[in-house]
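run_9.cif, holding mmCIF, C-alpha atoms:
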```cif
data_protein
#
loop_
_atom_site.label_atom_id
_atom_site.label_comp_id
_atom_site.auth_asym_id
_atom_site.auth_seq_id
_atom_site.Cartn_x
_atom_site.Cartn_y
_atom_site.Cartn_z
CA MET H 224 -18.28 -64.83 10.97
CA ARG H 225 -17.25 -61.77 12.97
CA LYS H 226 -18.37 -58.39 11.75
CA THR H 227 -17.55 -54.83 12.74
CA VAL H 228 -20.53 -52.95 14.12
CA LEU H 229 -20.85 -49.25 14.86
CA TYR H 230 -23.41 -49.15 17.70
CA ILE H 231 -24.06 -45.65 18.96
CA ALA H 232 -26.74 -43.25 20.17
CA VAL H 233 -27.26 -40.10 18.17
CA SER H 234 -29.48 -37.03 18.58
CA LEU H 235 -32.17 -36.40 16.02
CA ASN H 236 -29.94 -33.79 14.42
CA GLY H 237 -26.96 -36.14 14.15
CA TYR H 238 -24.81 -35.42 17.22
CA ILE H 239 -23.27 -38.07 19.46
CA ALA H 240 -22.18 -35.59 22.12
CA ASP H 241 -22.80 -31.99 23.06
CA GLN H 242 -20.28 -29.33 22.04
CA SER H 243 -18.09 -30.04 25.09
CA GLY H 244 -18.06 -33.79 24.37
CA GLY H 245 -20.56 -34.65 27.08
CA VAL H 246 -23.27 -37.28 26.82
CA ALA H 247 -25.32 -36.32 29.88
CA TRP H 248 -28.24 -35.57 27.54
CA LEU H 249 -28.65 -39.34 27.16
CA ASN H 250 -29.37 -39.65 30.89
CA GLN H 251 -32.29 -37.22 30.51
CA LEU H 252 -34.17 -39.62 28.24
CA PRO H 253 -37.06 -41.56 29.77
CA ALA H 254 -36.10 -45.00 31.11
CA GLN H 255 -37.04 -47.84 28.77
CA GLU H 256 -38.53 -51.15 29.82
CA GLU H 257 -37.13 -52.71 26.66
CA ASP H 258 -33.49 -51.97 25.97
CA GLY H 259 -31.56 -53.43 23.04
CA TYR H 260 -28.18 -53.15 24.72
CA PRO H 261 -28.17 -56.56 26.53
CA GLU H 262 -29.02 -58.33 23.27
CA PHE H 263 -26.34 -56.37 21.40
CA ILE H 264 -23.51 -56.81 23.93
CA ALA H 265 -24.15 -60.57 24.12
CA GLN H 266 -23.06 -60.73 20.47
CA VAL H 267 -19.78 -58.82 21.10
CA ASP H 268 -16.48 -60.04 22.51
CA THR H 269 -14.22 -57.23 21.26
CA ILE H 270 -14.56 -53.46 21.61
CA ILE H 271 -12.57 -50.75 19.85
CA MET H 272 -12.66 -47.19 21.16
CA GLY H 273 -10.62 -44.02 21.09
CA ALA H 274 -8.59 -42.69 23.98
CA ALA H 275 -11.05 -39.85 24.63
CA THR H 276 -13.95 -42.30 24.96
CA TYR H 277 -11.87 -44.50 27.26
CA GLY H 278 -11.05 -41.44 29.39
CA GLN H 279 -14.71 -40.42 29.55
CA ILE H 280 -15.73 -43.92 30.68
CA VAL H 281 -13.16 -44.22 33.47
CA THR H 282 -13.55 -40.66 34.79
CA GLU H 283 -17.18 -39.75 34.17
CA LEU H 284 -19.48 -42.55 33.02
CA SER H 285 -18.25 -45.50 35.10
CA PRO H 286 -15.45 -44.42 37.46
CA GLY H 287 -14.06 -47.23 39.57
CA GLU H 288 -15.69 -50.05 37.60
CA TRP H 289 -14.86 -51.06 34.03
CA PRO H 290 -18.23 -51.82 32.36
CA TYR H 291 -16.84 -54.20 29.72
CA GLN H 292 -15.33 -56.96 31.88
CA GLU H 293 -16.54 -59.68 29.51
CA GLN H 294 -14.99 -58.16 26.38
CA LYS H 295 -11.45 -57.46 25.25
CA THR H 296 -11.08 -53.72 24.62
CA TYR H 297 -8.64 -52.04 22.27
CA VAL H 298 -8.04 -48.35 22.94
CA LEU H 299 -6.65 -46.45 19.94
CA THR H 300 -4.01 -44.04 21.17
CA HIS H 301 -0.84 -42.26 20.14
CA GLN H 302 0.73 -43.58 23.37
CA PRO H 303 0.50 -47.39 23.09
CA GLY H 304 2.34 -49.96 25.11
CA ARG H 305 0.44 -50.01 28.33
CA ALA H 306 -2.23 -52.53 29.18
CA ASP H 307 -4.78 -53.23 31.88
CA GLU H 308 -4.75 -57.01 32.02
CA GLU H 309 -7.32 -57.24 34.80
CA ASN H 310 -9.90 -55.48 32.62
CA HIS H 311 -8.70 -56.96 29.29
CA ILE H 312 -7.72 -53.54 27.89
CA ILE H 313 -4.97 -53.09 25.30
CA PHE H 314 -3.74 -49.64 24.27
CA THR H 315 -2.60 -49.63 20.65
CA SER H 316 -1.55 -47.33 17.82
CA CYS H 317 -2.30 -50.02 15.24
CA PRO H 318 -4.02 -48.55 12.16
CA PRO H 319 -7.74 -49.44 12.04
CA GLY H 320 -7.49 -51.57 8.90
CA HIS H 321 -4.63 -53.63 10.27
CA LEU H 322 -6.31 -54.04 13.66
CA VAL H 323 -9.57 -55.24 12.09
CA GLU H 324 -7.66 -57.61 9.81
CA GLN H 325 -5.88 -59.13 12.83
CA LEU H 326 -9.11 -59.44 14.82
CA LYS H 327 -11.06 -61.02 11.96
CA GLU H 328 -8.39 -63.71 11.66
CA GLN H 329 -9.32 -64.79 15.19
CA LYS H 330 -12.43 -66.72 16.06
CA GLY H 331 -14.95 -64.84 18.10
CA LYS H 332 -18.07 -62.75 18.24
CA ASN H 333 -18.70 -59.33 16.69
CA ILE H 334 -16.39 -56.33 17.04
CA TRP H 335 -18.01 -53.17 18.41
CA ILE H 336 -16.71 -49.82 17.16
CA CYS H 337 -17.70 -47.99 20.32
CA GLY H 338 -16.61 -44.43 19.63
CA GLY H 339 -16.06 -41.59 19.79
CA ALA H 340 -16.56 -39.55 16.67
CA GLN H 341 -12.92 -39.55 15.50
CA THR H 342 -12.65 -43.32 15.90
CA ALA H 343 -15.98 -43.98 14.20
CA ARG H 344 -14.99 -41.69 11.31
CA GLN H 345 -11.67 -43.49 10.82
CA PHE H 346 -13.47 -46.81 10.47
CA ILE H 347 -16.17 -45.33 8.22
CA ARG H 348 -13.58 -43.64 5.96
CA ALA H 349 -11.63 -46.90 5.67
CA GLY H 350 -14.79 -48.84 4.78
CA LEU H 351 -14.44 -51.03 7.86
CA VAL H 352 -17.95 -50.70 9.32
CA GLU H 353 -20.08 -53.62 8.20
CA GLU H 354 -23.17 -52.80 10.24
CA TYR H 355 -24.48 -49.48 11.52
CA ARG H 356 -26.76 -49.66 14.58
CA LEU H 357 -27.89 -46.11 15.31
CA THR H 358 -30.22 -45.40 18.21
CA ILE H 359 -31.94 -42.12 17.41
CA ALA H 360 -32.88 -40.10 20.48
CA PRO H 361 -35.69 -37.51 20.31
CA VAL H 362 -33.35 -34.70 21.30
CA LEU H 363 -32.19 -31.72 19.27
CA LEU H 364 -28.80 -30.55 20.45
CA GLY H 365 -28.09 -26.98 19.41
CA LYS H 366 -24.45 -27.72 18.77
CA GLY H 367 -22.37 -30.79 19.26
CA ILE H 368 -20.04 -33.40 17.88
CA PRO H 369 -21.54 -34.91 14.72
CA LEU H 370 -21.23 -38.61 14.04
CA PHE H 371 -20.61 -38.16 10.34
CA GLU H 372 -18.11 -35.85 8.70
CA GLU H 373 -19.45 -33.14 6.45
CA ASP H 374 -16.95 -34.14 3.75
CA GLY H 375 -16.95 -37.86 4.56
CA PRO H 376 -17.17 -40.56 1.93
CA GLN H 377 -20.41 -41.49 0.23
CA LYS H 378 -21.65 -44.89 1.44
CA GLN H 379 -24.59 -46.91 0.19
CA LEU H 380 -26.34 -48.76 3.04
CA SER H 381 -29.18 -51.27 3.14
CA LEU H 382 -31.82 -50.91 5.85
CA LYS H 383 -32.16 -54.23 7.68
CA LYS H 384 -34.39 -53.42 10.61
CA VAL H 385 -36.18 -50.64 12.49
CA ILE H 386 -36.96 -51.13 16.18
CA GLN H 387 -38.96 -48.66 18.24
CA ARG H 388 -38.15 -48.66 21.95
CA GLY H 389 -40.47 -46.08 23.50
CA PRO H 390 -39.34 -42.68 22.17
CA LEU H 391 -36.11 -44.18 20.76
CA VAL H 392 -35.72 -45.68 17.31
CA GLU H 393 -32.93 -48.11 16.47
CA LEU H 394 -31.98 -48.22 12.80
CA ILE H 395 -29.90 -51.18 11.66
CA TYR H 396 -28.12 -50.84 8.33
CA SER H 397 -25.81 -53.19 6.52
CA ALA H 398 -22.92 -51.64 4.62
CA ASN H 399 -22.47 -52.78 1.07
CA ILE H 400 -18.82 -53.75 1.51
#
```

Translate this structure into structure tokens?
Amino acid sequence: MRKTVLYIAVSLNGYIADQSGGVAWLNQLPAQEEDGYPEFIAQVDTIIMGAATYGQIVTELSPGEWPYQEQKTYVLTHQPGRADEENHIIFTSCPPGHLVEQLKEQKGKNIWICGGAQTARQFIRAGLVEEYRLTIAPVLLGKGIPLFEEDGPQKQLSLKKVIQRGPLVELIYSANI
């Protein structure tokens, strides 16, 4: 059965981006021989992200080449209606709960809640994240964009697995939905 998974890197002090929204600090981490991303993405056929994350990918992180060719991507936006059929991208204003309900009615692999912070928070607030996969980086950002809201909902999670990958630690939690 498909599940919604929030898979994201976070600094030791809880930020997913620096104060300007940049993630260049991730590139400063030592290269890892063992990376959990290939294993994770093989279990995903659908990605949900916000418009700001989409914009960052196409202009900064992977300009000229869409990195998720094998997955269908839904971009949450206030300006829906356009699509990029070649790259399997759909721009939608569908509320998160309704979108997840539609996607879970379809057969397929897991659904990745890719980011950014506003998108992740919408899904967390609505109780739509079934699994949290947080890769903790040994970096303290002075200021930044936190993953979790200060006044967000209380959630009880169950730790399923801890994986150390060099200086990185991946924490896998199951939400008690």

Q: Using the chain letters and residue numbers of this document, give as a PyMOL selection string the residues selected by the PyMOL selection byres ((chain H and resi 371-375) around 7).
A: chain H and resi 344+348+369-370+376-377

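The smallest atom-to-atom distance between Gly244 of chain H and any of H:Leu229, H:Ala306, H:Val323, H:Ala275, using only C-alpha atoms, is found for H:Ala275.
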
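Proximity to Asp307 of chain H was assessed for H:Arg225, H:Ile280, H:Gln379, H:Trp289 counting all atoms listed in the file; the smallest distance is recorded for H:Trp289.
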
**Q.** Evaluate the PyMOL selection byres ((chain H and resi 314) around 8) and report residues as number ranges by chain
**A.** H: 297-300, 302-306, 312-313, 315-316

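For the atom pair formed by atom CA of Cys337 of chain H and atom CA of Arg356 of chain H, the distance is 10.9 Å, given to one decimal.
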
Q.
Using the chain letters and numbers from this file, what does the PyMOL selection byres ((chain H and resi 269) around 8) select? Give the answer as a list in words.
A. Val267, Asp268, Ile270, Ile271, Gln294, Lys295, Thr296, Tyr297, Lys332, Asn333, Ile334 and Trp335 of chain H

Q) Which residue out of H:Leu382, H:Leu284, H:Ile368, H:Met272 has the minimum interatomic distance to Ala343 of chain H when only C-alpha atoms are used? A) H:Met272

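Rounded to one decimal, atom CA of Gly278 of chain H and atom CA of Gln292 of chain H lie 16.3 Å from each other.
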
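Note that the spacing between atom CA of Glu354 of chain H and atom CA of Trp248 of chain H amounts to 24.9 Å.
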